[in-house]
Structure formats: structure tokens, C-alpha cells
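Reading through the C-alpha cells given below for one structure.
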Amino acid sequence: MNKKIVVITGSPRKGGNSDILAEAFITAAESKGHMVQRFDAGRLKIGGCHACNRCFKTEKACSFDDDFNKIAAAVQEADAVIFSTPTYWFTMSSAIKAVLDRFYSFLIGGKAQEIAGKKAAIIACCMSEDPGTMNDVKSPLMKSFAFLKWDCIGEVLVPKAGNPGDVKNTDGCERAAALADLL
Ligand SMILES: Cc1cc2nc3c(=O)[nH]c(=O)nc-3n(C[C@H](O)[C@H](O)[C@H](O)COP(=O)(O)O)c2cc1C
């Protein structure tokens, strides 16, 4: 069955490694007939959570109405949510962290049950040769998926990717595309 997929990328660098990996996944998912909505969080206007606890008090997820609300609406409808992030200082980029923080609106807004049961996956890259550099990219996302009752279908962690395009010299794109088989 065709699924609704949300892909959230986290780099400000257009056409960089996390974009290339996301694109490999999207091409594979679309070739299987899935509908993909992509949000480039690193290039959108998405601030941090204000902890005002006014989530879903208006018709929107967040009363601070920036681009997060578009992502929130798409996530509510999605069957799967895929994050593609560069490693910044041993963790996810601040753009992805901002999105994740704003997922707080689903909890406070009473939507936790409604958004449970989705599939999720992690795509990440880093400059270091050591894949362990991405442990703390993976860990908070995995814990968040478990908390949200989302099923993690896979992780594609790609080391040795510092300069834009470096992922093309790895098996990362192939592995990102293979995630589409698990939707
Ligand atoms: C602010 C910043 C912090 C970074 N921190 C790390 C790091 O902790 N470990 C690492 O291996 N690479 C680090 N990198 C390198 C990026 O993870 C790497 O260049 C990645 O390919 C960037 O993805 P992009 O091309 O999608 O932007 C950092 C890069 C930037 C700009």
C-alpha cells in the first residue's frame, strides 16, 4: 500500500551529504509509489520551544506560528517520518533538535495517542572516520521514537563524509535507498 512519508533534513548546506542521502531515500520511496513530503529544517524558519504550553490551543500545533506548524501537520498525517541530519558536535544539528523539541506540542496538545504507531528512521553523516561519533545523534532520536511509540525501521550512519558529496564515495546512498524497502 502506498504510504505518506515525511522526510526532515537538518543541514543548512543545500546539496550537502545529508541532502544527498535523503534524496537517495526519497527517490527509492517514490519509485515504490509512496508519497513523500520533504522539509529542509536547516533552511526553514523553526525556532526552539518556548515552553508556553499553549500547544494546539489555536488551530495550529504551536502558537508561535513558524515553519514547524507545516511539519507538525504533515507528521500528523504521515505513516513514516525519516530524519536526515549532519553530525554537529557529536549530536544532531540544531535544526533537527528544534523540530524534535517542538514535538513537545504533540504531548501537551493531547495528540500522543493519535501520532503513535508511525515508522521512523535515522540517516546521519559525519566527517570523522569513527561511526561511534554518531552515537549521540542516534541515541536521542531512538529514545524519542520509543517514547512516541514509533517503530524504528533502520539507521544509516555514514562516517568519512566531511566535504559535500563525500557520501557518494560510500555505500550510504545505497543503504538510505534500502530503507524504502522497510516502509
Ligand atoms: C557546526 C559543525 C559541527 C560539526 N561537528 C562534527 C562532529 O562533531 N563530528 C564530525 O565527525 N563531523 C562534524 N562536522 C562535519 C559534518 O558532520 C559533515 O561535514 C557533514 O557531512 C555535514 O553534512 P551536510 O553536508 O549535510 O551539511 C561538523 C560540521 C559543522 C558545520
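In the C-alpha cells, chains take letters A, B, ... by order of appearance, with residues numbered from 1 within each chain and ligands from 1 in the order shown.
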Please produce, as a tab-separated table, a per-residue contact table for chain A versus ligand 1 (criterion: any atom at most 6 Å away, only C-alpha atoms and all ligand atoms considered), showing the nearest atom pair and its distance in Å to one decimal, sorted by chain then residue number.
residue	atom	partner	partner_atom_place_in_ligand_line	distance
A:Ser11	CA	ligand 1	27 (O)	4.7
A:Arg13	CA	ligand 1	27 (O)	4.7
A:Gly16	CA	ligand 1	25 (O)	3.4
A:Asn17	CA	ligand 1	25 (O)	3.8
A:Ser18	CA	ligand 1	26 (O)	3.6
A:Asp19	CA	ligand 1	26 (O)	5.6
A:Pro86	CA	ligand 1	23 (O)	4.1
A:Thr87	CA	ligand 1	17 (O)	3.9
A:Tyr88	CA	ligand 1	5 (N)	3.5
A:Trp89	CA	ligand 1	8 (O)	3.3
A:Phe90	CA	ligand 1	8 (O)	3.9
A:Cys125	CA	ligand 1	21 (O)	5.4
A:Cys126	CA	ligand 1	17 (O)	3.6
A:Met127	CA	ligand 1	11 (O)	3.7
A:Ser128	CA	ligand 1	11 (O)	3.6
A:Ala161	CA	ligand 1	21 (O)	4.7
A:Gly162	CA	ligand 1	19 (O)	3.6
A:Asn163	CA	ligand 1	19 (O)	5.5
A:Pro164	CA	ligand 1	25 (O)	4.9
Output file for the residues above (C-alpha atoms, as a PDB file, in the first residue's frame):
ATOM      1  CA  SER A  11      21.574  20.857   7.202  1.00  0.00           C
ATOM      2  CA  ARG A  13      24.112  23.278   3.371  1.00  0.00           C
ATOM      3  CA  GLY A  16      25.362  18.511   1.105  1.00  0.00           C
ATOM      4  CA  ASN A  17      25.787  14.967   2.341  1.00  0.00           C
ATOM      5  CA  SER A  18      22.617  14.690   4.414  1.00  0.00           C
ATOM      6  CA  ASP A  19      20.637  16.135   1.488  1.00  0.00           C
ATOM      7  CA  PRO A  86      24.590  16.053   9.728  1.00  0.00           C
ATOM      8  CA  THR A  87      26.559  15.441  12.907  1.00  0.00           C
ATOM      9  CA  TYR A  88      27.196  18.721  14.678  1.00  0.00           C
ATOM     10  CA  TRP A  89      29.357  18.466  17.788  1.00  0.00           C
ATOM     11  CA  PHE A  90      28.636  14.756  18.258  1.00  0.00           C
ATOM     12  CA  CYS A 125      26.672  11.578   8.343  1.00  0.00           C
ATOM     13  CA  CYS A 126      29.862  12.916   9.858  1.00  0.00           C
ATOM     14  CA  MET A 127      33.405  13.908   8.929  1.00  0.00           C
ATOM     15  CA  SER A 128      35.101  11.523  11.337  1.00  0.00           C
ATOM     16  CA  ALA A 161      31.775  12.378   4.865  1.00  0.00           C
ATOM     17  CA  GLY A 162      33.145  15.825   5.612  1.00  0.00           C
ATOM     18  CA  ASN A 163      33.033  17.611   2.269  1.00  0.00           C
ATOM     19  CA  PRO A 164      29.835  17.953   0.230  1.00  0.00           C
TER      20      PRO A 164
END
Selection near Ala112 of chain A, 12 Å with only C-alpha atoms, sequence-local residues under 6 positions removed, as a tab-separated table (two decimals) with C-alpha atoms, in the first residue's frame:
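Output file out_7.tsv follows:
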chain	number	residue	atom	x	y	z
A	75	VAL	CA	3.68	14.45	10.67
A	76	GLN	CA	0.13	14.01	11.97
A	103	PHE	CA	7.26	17.73	19.00
A	104	TYR	CA	6.51	18.58	22.66
A	105	SER	CA	3.36	20.17	21.23
A	106	PHE	CA	2.00	16.70	20.42
A	118	LYS	CA	4.34	5.50	12.89
A	145	PHE	CA	10.93	7.21	18.76
A	147	PHE	CA	8.73	7.42	23.72
A	148	LEU	CA	6.43	8.35	20.84
A	149	LYS	CA	5.72	4.65	20.20
A	150	TRP	CA	7.25	4.86	16.74
Between segment 8-74 of chain A and segment 92-102 of chain A, at 6 Å or less, what are the per-residue closest atom pairs and their distances in Å? Count only C-alpha atoms, order by chain and rising residue number, and return it as a tab-separated table.
residue	atom	partner	partner_atom	distance
A:Gly10	CA	A:Ile96	CA	5.2
A:Ala41	CA	A:Ala95	CA	5.6
A:Gly42	CA	A:Ala95	CA	5.1
A:Gly48	CA	A:Ala98	CA	5.0
A:Cys49	CA	A:Arg102	CA	5.3
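The set of residues in segment 10-49 of chain A assigned to alpha helix (DSSP H) by DSSP, using only backbone atoms of this structure, is Asn17, Ser18, Asp19, Ile20, Leu21, Ala22, Glu23, Ala24, Phe25, Ile26, Thr27, Ala28, Ala29, Glu30 and Ser31 of chain A.
Across the structure, atom CA of Asp166 of chain A and atom CA of Leu21 of chain A are spaced 10.6 Å apart.
For the residues A:Ala124, A:Leu44, A:Met1, A:Ile8, ranking by smallest atom-to-atom distance to Lys32 of chain A using only C-alpha atoms places A:Met1 first.
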